[in-house]
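**Q** Coordinates in my_file.txt, compact mmCIF, C-alpha atoms, are listed below.
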# COMPACT_ATOMS: atom_id res chain seq x y z
CA MET A 1 -59.45 -62.70 -0.71
CA LYS A 2 -58.86 -59.45 -2.61
CA GLY A 3 -56.04 -59.76 -5.16
CA LYS A 4 -56.07 -63.56 -5.16
CA LYS A 5 -55.57 -65.07 -8.60
CA THR A 6 -57.97 -67.61 -10.06
CA THR A 7 -56.43 -71.08 -10.47
CA ILE A 8 -57.18 -73.89 -12.88
CA HIS A 9 -58.48 -75.88 -9.90
CA GLU A 10 -61.24 -73.29 -9.38
CA ILE A 11 -62.14 -73.42 -13.08
CA ALA A 12 -62.26 -77.23 -12.86
CA LYS A 13 -64.51 -77.08 -9.78
CA GLU A 14 -66.99 -74.76 -11.55
CA LEU A 15 -67.11 -77.07 -14.58
CA ASN A 16 -67.12 -80.28 -12.53
CA THR A 17 -64.04 -81.59 -14.30
CA THR A 18 -60.35 -82.13 -13.50
CA ALA A 19 -57.55 -79.58 -13.34
CA SER A 20 -55.57 -81.59 -15.90
CA THR A 21 -58.47 -81.34 -18.38
CA VAL A 22 -58.63 -77.56 -17.86
CA SER A 23 -54.88 -77.27 -18.32
CA ARG A 24 -54.95 -79.27 -21.57
CA ALA A 25 -57.88 -77.20 -22.87
CA LEU A 26 -56.11 -73.92 -22.11
CA ASN A 27 -53.04 -75.22 -23.95
CA ASN A 28 -55.17 -76.21 -26.95
CA ASN A 29 -54.37 -79.91 -26.59
CA PRO A 30 -55.85 -81.87 -29.55
CA ARG A 31 -57.05 -84.60 -27.14
CA ILE A 32 -59.63 -82.17 -25.73
CA SER A 33 -62.85 -81.62 -27.69
CA GLU A 34 -63.71 -78.23 -29.13
CA GLU A 35 -66.86 -78.12 -27.00
CA THR A 36 -64.86 -78.63 -23.79
CA LYS A 37 -62.31 -76.02 -24.86
CA LYS A 38 -65.07 -73.47 -25.42
CA LYS A 39 -66.51 -74.12 -21.95
CA VAL A 40 -63.09 -73.86 -20.32
CA PHE A 41 -62.16 -70.61 -22.09
CA ALA A 42 -65.57 -69.10 -21.29
CA MET A 43 -65.26 -69.98 -17.58
CA ALA A 44 -61.64 -68.78 -17.49
CA GLU A 45 -62.74 -65.41 -18.86
CA LYS A 46 -65.68 -65.23 -16.46
CA LEU A 47 -63.45 -65.89 -13.45
CA GLY A 48 -60.68 -63.56 -14.68
CA TYR A 49 -58.11 -66.33 -15.01
CA GLU A 50 -54.57 -65.22 -15.95
CA PRO A 51 -52.07 -67.94 -16.92
CA ASN A 52 -48.83 -68.14 -14.96
CA THR A 53 -46.48 -67.75 -17.91
CA MET A 54 -43.36 -67.99 -15.76
CA ALA A 55 -44.44 -71.34 -14.31
CA ALA A 56 -45.25 -72.59 -17.78
CA SER A 57 -41.84 -71.44 -18.99
CA LEU A 58 -40.14 -73.34 -16.17
CA ARG A 59 -42.05 -76.51 -17.06
CA LYS A 60 -41.24 -76.27 -20.76
CA GLY A 61 -37.70 -74.96 -20.28
CA ARG A 62 -38.44 -71.91 -22.44
CA SER A 63 -41.00 -69.17 -22.92
CA GLN A 64 -42.46 -67.21 -25.82
CA ILE A 65 -40.01 -64.44 -25.00
CA ILE A 66 -36.85 -63.61 -26.94
CA GLY A 67 -33.96 -61.69 -25.40
CA ILE A 68 -32.34 -58.94 -27.48
CA ILE A 69 -28.99 -57.48 -26.39
CA VAL A 70 -27.59 -54.37 -28.09
CA PRO A 71 -24.84 -51.92 -27.16
CA TYR A 72 -27.30 -48.98 -27.14
CA ALA A 73 -31.04 -49.10 -27.79
CA ASP A 74 -31.23 -45.35 -28.51
CA ARG A 75 -28.95 -45.44 -31.56
CA ILE A 76 -30.98 -45.22 -34.78
CA PHE A 77 -29.38 -48.34 -36.25
CA PHE A 78 -30.03 -50.55 -33.23
CA SER A 79 -33.54 -49.21 -32.70
CA SER A 80 -34.28 -50.03 -36.36
CA VAL A 81 -32.97 -53.58 -35.88
CA ILE A 82 -35.08 -54.02 -32.74
CA ARG A 83 -38.16 -52.83 -34.61
CA GLY A 84 -37.49 -55.31 -37.42
CA ILE A 85 -37.04 -58.18 -34.95
CA GLU A 86 -40.14 -57.32 -32.93
CA GLU A 87 -42.40 -56.91 -35.96
CA GLU A 88 -41.33 -60.30 -37.27
CA VAL A 89 -41.45 -62.39 -34.07
CA LYS A 90 -44.83 -61.04 -32.96
CA LYS A 91 -46.37 -62.75 -36.01
CA SER A 92 -45.37 -66.06 -34.38
CA GLY A 93 -46.61 -65.14 -30.89
CA TYR A 94 -43.29 -64.08 -29.35
CA ASN A 95 -42.50 -60.99 -27.29
CA VAL A 96 -39.10 -59.47 -26.59
CA ILE A 97 -37.02 -58.26 -23.66
CA ILE A 98 -34.45 -55.62 -24.63
CA CYS A 99 -31.13 -55.29 -22.76
CA GLN A 100 -28.29 -52.82 -23.28
CA SER A 101 -24.62 -53.67 -22.72
CA TYR A 102 -23.42 -50.05 -23.03
CA GLU A 103 -20.34 -51.53 -24.74
CA LYS A 104 -19.27 -53.28 -21.51
CA ILE A 105 -18.53 -57.02 -21.42
CA GLU A 106 -19.59 -57.30 -17.76
CA ASN A 107 -23.01 -55.84 -18.63
CA GLU A 108 -23.34 -58.24 -21.53
CA ILE A 109 -22.58 -61.22 -19.28
CA ASP A 110 -25.12 -60.03 -16.69
CA ASP A 111 -27.73 -59.57 -19.42
CA VAL A 112 -27.18 -63.10 -20.76
CA ASN A 113 -27.47 -64.62 -17.29
CA ALA A 114 -30.64 -62.64 -16.50
CA LEU A 115 -32.27 -63.71 -19.77
CA LEU A 116 -31.36 -67.36 -19.22
CA SER A 117 -32.86 -67.18 -15.71
CA ALA A 118 -36.06 -65.83 -17.28
CA GLN A 119 -36.21 -68.97 -19.45
CA VAL A 120 -36.20 -67.05 -22.73
CA ALA A 121 -36.56 -69.07 -25.92
CA GLY A 122 -33.22 -67.68 -27.05
CA ILE A 123 -31.10 -64.57 -27.54
CA ILE A 124 -30.42 -62.27 -30.50
CA ILE A 125 -27.32 -60.18 -29.81
CA SER A 126 -24.92 -57.62 -31.23
CA LEU A 127 -21.63 -57.95 -29.34
CA SER A 128 -20.21 -55.15 -27.22
CA ARG A 129 -17.00 -53.38 -28.19
CA GLU A 130 -15.21 -55.14 -25.30
CA THR A 131 -16.36 -58.68 -26.09
CA SER A 132 -13.41 -60.91 -26.95
CA THR A 133 -14.24 -64.01 -24.87
CA TYR A 134 -17.43 -65.96 -25.34
CA GLU A 135 -18.01 -68.32 -22.41
CA HIS A 136 -21.26 -66.54 -21.53
CA LEU A 137 -22.57 -67.10 -25.05
CA LYS A 138 -21.36 -70.70 -25.16
CA LYS A 139 -23.54 -71.20 -22.08
CA VAL A 140 -26.58 -70.17 -24.15
CA ILE A 141 -25.77 -72.85 -26.72
CA GLN A 142 -25.03 -75.46 -24.03
CA LYS A 143 -28.49 -74.86 -22.56
CA ASN A 144 -30.00 -75.62 -25.98
CA LYS A 145 -31.21 -72.07 -26.41
CA THR A 146 -31.26 -70.50 -29.85
CA LEU A 147 -28.52 -67.89 -30.33
CA VAL A 148 -28.30 -65.51 -33.31
CA LEU A 149 -25.64 -62.82 -33.69
CA PHE A 150 -26.22 -59.70 -35.77
CA ASP A 151 -24.07 -56.82 -37.03
CA ARG A 152 -21.12 -57.40 -34.67
CA THR A 153 -20.40 -61.09 -34.95
CA THR A 154 -17.61 -63.61 -34.42
CA ASP A 155 -16.45 -66.84 -36.04
CA ALA A 156 -15.52 -68.19 -32.60
CA LEU A 157 -19.08 -69.45 -32.00
CA ASN A 158 -20.91 -72.14 -33.92
CA THR A 159 -24.12 -70.20 -34.37
CA SER A 160 -26.10 -68.23 -36.95
CA CYS A 161 -25.08 -64.67 -37.87
CA VAL A 162 -26.68 -61.84 -39.82
CA ALA A 163 -24.69 -58.79 -40.96
CA ILE A 164 -24.18 -56.52 -43.92
CA ASP A 165 -21.11 -56.82 -46.12
CA ASP A 166 -19.01 -54.19 -44.32
CA TYR A 167 -16.01 -54.92 -46.55
CA GLN A 168 -18.01 -54.16 -49.68
CA GLY A 169 -19.57 -51.07 -48.11
CA ALA A 170 -16.14 -49.63 -47.39
CA TYR A 171 -14.64 -50.73 -50.71
CA SER A 172 -17.41 -49.08 -52.72
CA SER A 173 -17.30 -45.89 -50.64
CA VAL A 174 -13.56 -45.40 -51.17
CA SER A 175 -13.84 -46.37 -54.86
CA HIS A 176 -16.61 -43.79 -55.24
CA LEU A 177 -14.37 -41.09 -53.76
CA ILE A 178 -11.49 -42.06 -56.05
CA GLU A 179 -13.74 -42.05 -59.12
CA ASN A 180 -14.77 -38.50 -58.21
CA GLY A 181 -11.18 -37.26 -58.24
CA TYR A 182 -10.10 -37.69 -54.61
CA LYS A 183 -6.66 -39.30 -54.22
CA LYS A 184 -5.55 -38.67 -50.62
CA ILE A 185 -8.24 -40.40 -48.61
CA ALA A 186 -8.12 -40.52 -44.82
CA PHE A 187 -9.88 -43.26 -42.88
CA PHE A 188 -11.65 -42.91 -39.54
CA SER A 189 -11.43 -46.45 -38.21
CA GLY A 190 -13.49 -47.84 -35.36
CA ASN A 191 -12.03 -50.29 -32.83
CA LYS A 192 -10.45 -53.00 -35.00
CA LYS A 193 -11.15 -55.61 -32.32
CA VAL A 194 -14.79 -55.35 -33.47
CA SER A 195 -15.61 -57.41 -36.58
CA ILE A 196 -17.44 -54.70 -38.51
CA PHE A 197 -14.58 -52.22 -38.17
CA ARG A 198 -11.98 -54.79 -39.22
CA GLU A 199 -13.99 -55.46 -42.37
CA ARG A 200 -14.39 -51.75 -43.14
CA PHE A 201 -10.62 -51.32 -42.76
CA ARG A 202 -10.02 -54.23 -45.15
CA GLY A 203 -12.34 -52.64 -47.68
CA TYR A 204 -10.55 -49.29 -47.42
CA LEU A 205 -7.13 -50.88 -47.96
CA ALA A 206 -8.33 -53.02 -50.87
CA ALA A 207 -9.87 -50.05 -52.68
CA LEU A 208 -6.63 -48.06 -52.41
CA LYS A 209 -4.61 -51.02 -53.67
CA ASP A 210 -6.91 -51.74 -56.60
CA HIS A 211 -6.69 -48.08 -57.67
CA ASP A 212 -2.88 -47.94 -57.26
CA LEU A 213 -2.98 -45.42 -54.44
CA PRO A 214 -0.53 -45.54 -51.51
CA VAL A 215 -1.52 -46.29 -47.93
CA VAL A 216 -0.53 -43.30 -45.76
CA ASP A 217 -0.32 -44.31 -42.11
CA ASP A 218 -0.94 -40.74 -40.91
CA TYR A 219 -4.32 -40.82 -42.68
CA ILE A 220 -5.58 -43.82 -40.68
CA ILE A 221 -6.92 -42.88 -37.24
CA GLU A 222 -9.00 -44.91 -34.78
CA VAL A 223 -11.98 -42.76 -33.85
CA PRO A 224 -14.94 -43.61 -31.57
CA SER A 225 -18.43 -43.07 -32.98
CA ASP A 226 -18.57 -39.58 -31.53
CA VAL A 227 -19.04 -36.06 -32.94
CA GLU A 228 -16.49 -34.33 -30.70
CA GLN A 229 -13.85 -36.97 -31.41
CA GLY A 230 -14.53 -36.52 -35.11
CA LYS A 231 -13.76 -32.81 -34.75
CA LEU A 232 -10.52 -33.46 -32.84
CA VAL A 233 -9.05 -35.95 -35.30
CA THR A 234 -10.05 -33.79 -38.28
CA GLU A 235 -8.12 -30.87 -36.78
CA LYS A 236 -5.12 -33.21 -36.42
CA LEU A 237 -5.44 -34.45 -40.00
CA MET A 238 -5.68 -30.97 -41.48
CA SER A 239 -2.52 -29.88 -39.66
CA LEU A 240 -0.43 -32.40 -41.64
CA ALA A 241 2.05 -31.07 -44.20
CA VAL A 242 0.24 -33.07 -46.88
CA LYS A 243 -3.45 -32.81 -46.10
CA PRO A 244 -6.01 -35.42 -47.17
CA ASP A 245 -8.55 -34.40 -49.79
CA ALA A 246 -11.25 -36.83 -48.57
CA ILE A 247 -12.39 -38.65 -45.44
CA PHE A 248 -14.08 -42.02 -45.29
CA SER A 249 -15.50 -42.55 -41.80
CA SER A 250 -16.61 -45.84 -40.24
CA SER A 251 -19.30 -43.87 -38.41
CA ASP A 252 -21.74 -41.11 -39.39
CA PHE A 253 -21.19 -39.44 -36.01
CA SER A 254 -17.44 -38.97 -36.49
CA ALA A 255 -18.18 -37.91 -40.10
CA LEU A 256 -20.53 -35.28 -38.66
CA GLY A 257 -17.74 -34.06 -36.39
CA ALA A 258 -15.41 -33.81 -39.38
CA THR A 259 -18.03 -31.89 -41.36
CA LYS A 260 -18.59 -29.40 -38.55
CA TRP A 261 -14.87 -28.71 -38.05
CA LEU A 262 -14.19 -28.32 -41.78
CA LEU A 263 -17.06 -25.88 -42.31
CA GLN A 264 -16.08 -23.88 -39.23
CA ASN A 265 -12.57 -23.57 -40.66
CA ASN A 266 -13.68 -22.45 -44.12
CA TYR A 267 -13.10 -25.67 -46.03
CA ARG A 268 -15.54 -26.26 -48.88
CA ILE A 269 -17.30 -29.63 -49.06
CA PRO A 270 -17.02 -31.33 -51.57
CA GLU A 271 -14.80 -28.89 -53.51
CA ASP A 272 -11.83 -28.92 -51.08
CA ILE A 273 -12.52 -32.20 -49.32
CA GLY A 274 -15.01 -35.05 -49.80
CA ILE A 275 -16.73 -37.00 -47.01
CA VAL A 276 -18.47 -40.38 -46.83
CA GLY A 277 -19.85 -41.84 -43.60
CA PHE A 278 -21.28 -45.20 -42.60
CA GLY A 279 -24.74 -45.89 -41.17
CA ASN A 280 -27.03 -43.54 -43.11
CA ASP A 281 -28.33 -41.97 -39.91
CA PRO A 282 -31.27 -39.63 -40.61
CA PHE A 283 -29.26 -36.47 -39.93
CA THR A 284 -27.01 -37.16 -42.94
CA GLN A 285 -29.77 -36.15 -45.36
CA TYR A 286 -30.62 -32.90 -43.54
CA LEU A 287 -27.16 -31.37 -43.15
CA GLU A 288 -25.82 -28.73 -45.51
CA PRO A 289 -24.16 -30.19 -47.45
CA THR A 290 -25.94 -33.53 -47.23
CA ILE A 291 -23.57 -36.39 -46.35
CA SER A 292 -22.98 -39.51 -48.44
CA SER A 293 -23.24 -42.66 -46.32
CA VAL A 294 -23.58 -46.43 -46.43
CA ASP A 295 -27.05 -47.63 -45.45
CA GLN A 296 -26.74 -50.51 -42.96
CA LYS A 297 -30.35 -51.60 -43.53
CA GLY A 298 -31.14 -51.95 -39.83
CA LYS A 299 -34.80 -52.93 -40.12
CA GLU A 300 -34.06 -55.48 -42.85
CA MET A 301 -31.25 -56.90 -40.72
CA GLY A 302 -33.63 -57.21 -37.76
CA LYS A 303 -36.30 -58.98 -39.81
CA THR A 304 -33.72 -61.37 -41.25
CA ALA A 305 -32.23 -62.12 -37.81
CA ALA A 306 -35.74 -62.82 -36.51
CA GLN A 307 -36.53 -65.14 -39.42
CA VAL A 308 -33.30 -67.09 -38.87
CA PHE A 309 -34.08 -67.28 -35.14
CA LEU A 310 -37.65 -68.55 -35.69
CA GLU A 311 -36.50 -71.18 -38.21
CA GLN A 312 -34.19 -72.62 -35.59
CA VAL A 313 -36.28 -72.25 -32.42
CA GLU A 314 -39.25 -73.88 -34.14
CA GLY A 315 -37.15 -76.69 -35.60
CA ARG A 316 -37.63 -75.78 -39.25
CA ASN A 317 -33.89 -75.43 -39.86
CA SER A 318 -31.16 -76.90 -37.66
CA ILE A 319 -28.33 -75.66 -39.89
CA HIS A 320 -26.56 -72.52 -38.73
CA ARG A 321 -26.83 -69.77 -41.32
CA LYS A 322 -24.40 -66.96 -42.16
CA VAL A 323 -26.43 -64.24 -43.86
CA LEU A 324 -24.62 -61.32 -45.47
CA LEU A 325 -26.87 -58.48 -46.64
CA SER A 326 -25.80 -56.15 -49.47
CA PRO A 327 -25.13 -52.57 -48.30
CA GLU A 328 -26.29 -49.51 -50.22
CA LEU A 329 -24.18 -46.43 -50.75
CA ILE A 330 -26.37 -43.32 -50.65
CA ILE A 331 -24.51 -40.69 -52.68
CA ARG A 332 -25.20 -37.11 -51.59
CA GLU A 333 -23.57 -33.68 -51.90
CA SER A 334 -20.53 -34.29 -49.68
CA SER A 335 -18.68 -36.58 -52.08
CA THR A 336 -19.61 -35.59 -55.62
CA LYS A 337 -20.63 -32.65 -57.78
CA ARG A 338 -22.64 -34.98 -59.97
CA SER A 339 -26.39 -35.48 -59.63
CA ILE A 340 -27.39 -37.17 -56.40
CA ASN A 341 -28.38 -40.81 -56.73
CA LYS A 342 -28.31 -44.19 -55.02
CA MET A 343 -25.87 -46.95 -55.80
CA VAL A 344 -26.62 -50.55 -54.76
CA ILE A 345 -23.34 -52.25 -53.90
As structure tokens, what does this structure read like?
**A**
Amino acid sequence: MKGKKTTIHEIAKELNTTASTVSRALNNNPRISEETKKKVFAMAEKLGYEPNTMAASLRKGRSQIIGIIVPYADRIFFSSVIRGIEEEVKKSGYNVIICQSYEKIENEIDDVNALLSAQVAGIIISLSRETSTYEHLKKVIQKNKTLVLFDRTTDALNTSCVAIDDYQGAYSSVSHLIENGYKKIAFFSGNKKVSIFRERFRGYLAALKDHDLPVVDDYIIEVPSDVEQGKLVTEKLMSLAVKPDAIFSSSDFSALGATKWLLQNNYRIPEDIGIVGFGNDPFTQYLEPTISSVDQKGKEMGKTAAQVFLEQVEGRNSIHRKVLLSPELIIRESSTKRSINKMVI
């Protein structure tokens, strides 16, 4: 019948052997001789046999597929992480399914359930902005699936995590601004319910304290990672009686908004006001002036998360690992009049 798939029983019939022997040969079982394996693979190719990977996954309880969940796949950082993960896991014969939560907890829960139903080997995830309860992720662990968190993590789960040192990235950025003569530094904070933004806020506060500068509440504003929002809060900041002379932003996109508003309103960067962003998105190096930013090392983070995942799923390491990568501050025109360079932090 047209469209009918070849089965292992048909291969066995052609070779005058049993279906179990064919199955073992196709799965490279050491009990089957190399000669028999060659005959089975040759006949399978001749008959156009395609293995039923879903059925195999159901039998084994897992597949050679890894689920990846990110807030947005089209953000440069997350796409870089995905690339790093995929390049690494493909070396070990795994493929990936990519899901997007769009920063919604209900989407994240649906994604986890769908991936578990597909019998994935495990899940690598960056938590959504709304995620504050973790029953859906505890279910992954309870089903003996490997779970690795990256970038946005939590201590509420007993699992491996990979992130950069957001505290150090922020601390070094603010210290850099201070060392270049800026004393009234505003902070564009992300949602402090999210781990990375809490750490960046801690770094900002610590740098001010260590340099004996006051914390000015009016200079601290929660801003989404959005260009238009960056413009709006910059207009608010620059209407204060005592204006800031620098902005450290938790996001390159809100830093871009700040840059646009300042230039449109005849502020000179870096002479009148300095700017440092976070993320090192490609556009930061093509603006005029170019924007200083903390490189999050997305591809390296992805490769590391994949390596941690493979160690655990393949039983080479049962200990949960907390990996903290060192960020890199890329110093450009927006924050210093000195020669442009890179500073590893």
**Q** May I ask which of the residues A:Ser20, A:Ser172, A:Thr36, A:Ser195 is the closest one to Ser326 (chain A), counting all atoms listed in the file?
**A**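 Answer, going by the shortest atom-to-atom distance: A:Ser172.
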**Q** Can you list, as a PyMOL selection string, every protein, DNA or RNA residue that comes within 10 Å of Lys297 (chain A) when you count only C-alpha atoms, leaving out same-chain residues fewer than 6 positions away?
**A** chain A and resi 77+80-81+163-164+279-280+325-328
**Q** Interatomic distance between CA of Lys192 (chain A) and CA of Glu222 (chain A)?
**A** 8.2 Å
**Q** If you measure from CA of Asp212 (chain A) to CA of Lys243 (chain A), what distance in Å do you get, rounded to one decimal?
**A** 18.8 Å
**Q** Quick one: of A:Tyr102, A:Tyr134, A:Phe309, A:Tyr94, who's nearest to Thr153 (chain A), counting all atoms listed in the file?
**A**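 Using all atoms listed in the file, Thr153 (chain A) sits closest to A:Tyr134.
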**Q** Show me the residues around (-34.1, -60.1, -26.1) - criterion: an atom at most 7 Å away, all atoms listed in the file counted - as a ChimeraX atom specification.
**A** /A:66-69,96-99,123-124
**Q** When distances are computed from all atoms listed in the file, which of A:Lys104, A:Arg31, A:Lys299, A:Lys5 shows the smallest separation from Ile85 (chain A)?
**A**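 Among the listed residues, A:Lys299 lies closest to Ile85 (chain A).
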**Q** Can you tell me how far CA of Leu213 (chain A) sits from CA of Lys183 (chain A), in Å to one decimal?
**A**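 CA of Leu213 (chain A) sits 7.1 Å away from CA of Lys183 (chain A).
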**Q** Counting all atoms listed in the file, what is within 6 Å of Gly274 (chain A), bar same-chain residues fewer than 4 positions away, as a PyMOL selection string?
**A** chain A and resi 246+269-270+334-335
**Q** As an NGL selection string, please: the residues near region 250-261 of chain A (cut-off 8 Å, all atoms listed in the file, same-chain neighbours under 3 positions excluded).
**A** :A and (187-190 or 197 or 200 or 223-231 or 233-235 or 247 or 264-265 or 275-281 or 284 or 293)
**Q** Could you please take those selected residues and save C-alpha atoms as a PDB file, keeping the file's coordinate frame?
**A**
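File written: again.pdb
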ATOM      1  CA  PHE A 187      -9.880 -43.260 -42.880  1.00  0.00           C
ATOM      2  CA  PHE A 188     -11.650 -42.910 -39.540  1.00  0.00           C
ATOM      3  CA  SER A 189     -11.430 -46.450 -38.210  1.00  0.00           C
ATOM      4  CA  GLY A 190     -13.490 -47.840 -35.360  1.00  0.00           C
ATOM      5  CA  PHE A 197     -14.580 -52.220 -38.170  1.00  0.00           C
ATOM      6  CA  ARG A 200     -14.390 -51.750 -43.140  1.00  0.00           C
ATOM      7  CA  VAL A 223     -11.980 -42.760 -33.850  1.00  0.00           C
ATOM      8  CA  PRO A 224     -14.940 -43.610 -31.570  1.00  0.00           C
ATOM      9  CA  SER A 225     -18.430 -43.070 -32.980  1.00  0.00           C
ATOM     10  CA  ASP A 226     -18.570 -39.580 -31.530  1.00  0.00           C
ATOM     11  CA  VAL A 227     -19.040 -36.060 -32.940  1.00  0.00           C
ATOM     12  CA  GLU A 228     -16.490 -34.330 -30.700  1.00  0.00           C
ATOM     13  CA  GLN A 229     -13.850 -36.970 -31.410  1.00  0.00           C
ATOM     14  CA  GLY A 230     -14.530 -36.520 -35.110  1.00  0.00           C
ATOM     15  CA  LYS A 231     -13.760 -32.810 -34.750  1.00  0.00           C
ATOM     16  CA  VAL A 233      -9.050 -35.950 -35.300  1.00  0.00           C
ATOM     17  CA  THR A 234     -10.050 -33.790 -38.280  1.00  0.00           C
ATOM     18  CA  GLU A 235      -8.120 -30.870 -36.780  1.00  0.00           C
ATOM     19  CA  ILE A 247     -12.390 -38.650 -45.440  1.00  0.00           C
ATOM     20  CA  GLN A 264     -16.080 -23.880 -39.230  1.00  0.00           C
ATOM     21  CA  ASN A 265     -12.570 -23.570 -40.660  1.00  0.00           C
ATOM     22  CA  ILE A 275     -16.730 -37.000 -47.010  1.00  0.00           C
ATOM     23  CA  VAL A 276     -18.470 -40.380 -46.830  1.00  0.00           C
ATOM     24  CA  GLY A 277     -19.850 -41.840 -43.600  1.00  0.00           C
ATOM     25  CA  PHE A 278     -21.280 -45.200 -42.600  1.00  0.00           C
ATOM     26  CA  GLY A 279     -24.740 -45.890 -41.170  1.00  0.00           C
ATOM     27  CA  ASN A 280     -27.030 -43.540 -43.110  1.00  0.00           C
ATOM     28  CA  ASP A 281     -28.330 -41.970 -39.910  1.00  0.00           C
ATOM     29  CA  THR A 284     -27.010 -37.160 -42.940  1.00  0.00           C
ATOM     30  CA  SER A 293     -23.240 -42.660 -46.320  1.00  0.00           C
TER      31      SER A 293
END
**Q** Since the input is missing atoms for region 6-22 of chain A, could you rebuild it with N, CA and C atoms and give the result as a PDB file, in the coordinates of the input?
**A**
ATOM      1  N   THR A   6     -57.199 -66.399  -9.770  1.00  0.00           N
ATOM      2  CA  THR A   6     -57.970 -67.610 -10.060  1.00  0.00           C
ATOM      3  C   THR A   6     -57.026 -68.706 -10.531  1.00  0.00           C
ATOM      4  N   THR A   7     -57.265 -69.942 -10.080  1.00  0.00           N
ATOM      5  CA  THR A   7     -56.430 -71.080 -10.470  1.00  0.00           C
ATOM      6  C   THR A   7     -57.221 -72.017 -11.381  1.00  0.00           C
ATOM      7  N   ILE A   8     -56.498 -72.914 -12.027  1.00  0.00           N
ATOM      8  CA  ILE A   8     -57.180 -73.890 -12.880  1.00  0.00           C
ATOM      9  C   ILE A   8     -58.029 -74.847 -12.044  1.00  0.00           C
ATOM     10  N   HIS A   9     -57.685 -75.014 -10.780  1.00  0.00           N
ATOM     11  CA  HIS A   9     -58.480 -75.880  -9.900  1.00  0.00           C
ATOM     12  C   HIS A   9     -59.873 -75.279  -9.677  1.00  0.00           C
ATOM     13  N   GLU A  10     -59.945 -73.953  -9.561  1.00  0.00           N
ATOM     14  CA  GLU A  10     -61.240 -73.290  -9.380  1.00  0.00           C
ATOM     15  C   GLU A  10     -62.089 -73.380 -10.647  1.00  0.00           C
ATOM     16  N   ILE A  11     -61.428 -73.261 -11.803  1.00  0.00           N
ATOM     17  CA  ILE A  11     -62.140 -73.420 -13.080  1.00  0.00           C
ATOM     18  C   ILE A  11     -62.694 -74.845 -13.173  1.00  0.00           C
ATOM     19  N   ALA A  12     -61.854 -75.813 -12.804  1.00  0.00           N
ATOM     20  CA  ALA A  12     -62.260 -77.230 -12.860  1.00  0.00           C
ATOM     21  C   ALA A  12     -63.444 -77.489 -11.934  1.00  0.00           C
ATOM     22  N   LYS A  13     -63.423 -76.884 -10.745  1.00  0.00           N
ATOM     23  CA  LYS A  13     -64.510 -77.080  -9.780  1.00  0.00           C
ATOM     24  C   LYS A  13     -65.833 -76.537 -10.344  1.00  0.00           C
ATOM     25  N   GLU A  14     -65.792 -75.363 -10.971  1.00  0.00           N
ATOM     26  CA  GLU A  14     -66.990 -74.760 -11.550  1.00  0.00           C
ATOM     27  C   GLU A  14     -67.562 -75.606 -12.679  1.00  0.00           C
ATOM     28  N   LEU A  15     -66.682 -76.280 -13.423  1.00  0.00           N
ATOM     29  CA  LEU A  15     -67.110 -77.070 -14.580  1.00  0.00           C
ATOM     30  C   LEU A  15     -67.291 -78.553 -14.238  1.00  0.00           C
ATOM     31  N   ASN A  16     -67.005 -78.890 -12.965  1.00  0.00           N
ATOM     32  CA  ASN A  16     -67.120 -80.280 -12.530  1.00  0.00           C
ATOM     33  C   ASN A  16     -66.243 -81.208 -13.383  1.00  0.00           C
ATOM     34  N   THR A  17     -64.987 -80.775 -13.547  1.00  0.00           N
ATOM     35  CA  THR A  17     -64.040 -81.590 -14.300  1.00  0.00           C
ATOM     36  C   THR A  17     -62.708 -81.556 -13.549  1.00  0.00           C
ATOM     37  N   THR A  18     -61.657 -82.076 -14.175  1.00  0.00           N
ATOM     38  CA  THR A  18     -60.350 -82.130 -13.500  1.00  0.00           C
ATOM     39  C   THR A  18     -59.466 -80.965 -13.906  1.00  0.00           C
ATOM     40  N   ALA A  19     -58.501 -80.652 -13.052  1.00  0.00           N
ATOM     41  CA  ALA A  19     -57.550 -79.580 -13.340  1.00  0.00           C
ATOM     42  C   ALA A  19     -56.711 -79.906 -14.572  1.00  0.00           C
ATOM     43  N   SER A  20     -56.380 -81.193 -14.742  1.00  0.00           N
ATOM     44  CA  SER A  20     -55.570 -81.590 -15.900  1.00  0.00           C
ATOM     45  C   SER A  20     -56.333 -81.359 -17.205  1.00  0.00           C
ATOM     46  N   THR A  21     -57.652 -81.593 -17.181  1.00  0.00           N
ATOM     47  CA  THR A  21     -58.470 -81.340 -18.380  1.00  0.00           C
ATOM     48  C   THR A  21     -58.491 -79.849 -18.702  1.00  0.00           C
ATOM     49  N   VAL A  22     -58.639 -79.016 -17.666  1.00  0.00           N
ATOM     50  CA  VAL A  22     -58.630 -77.560 -17.860  1.00  0.00           C
ATOM     51  C   VAL A  22     -57.290 -77.113 -18.428  1.00  0.00           C
TER      52      VAL A  22
END
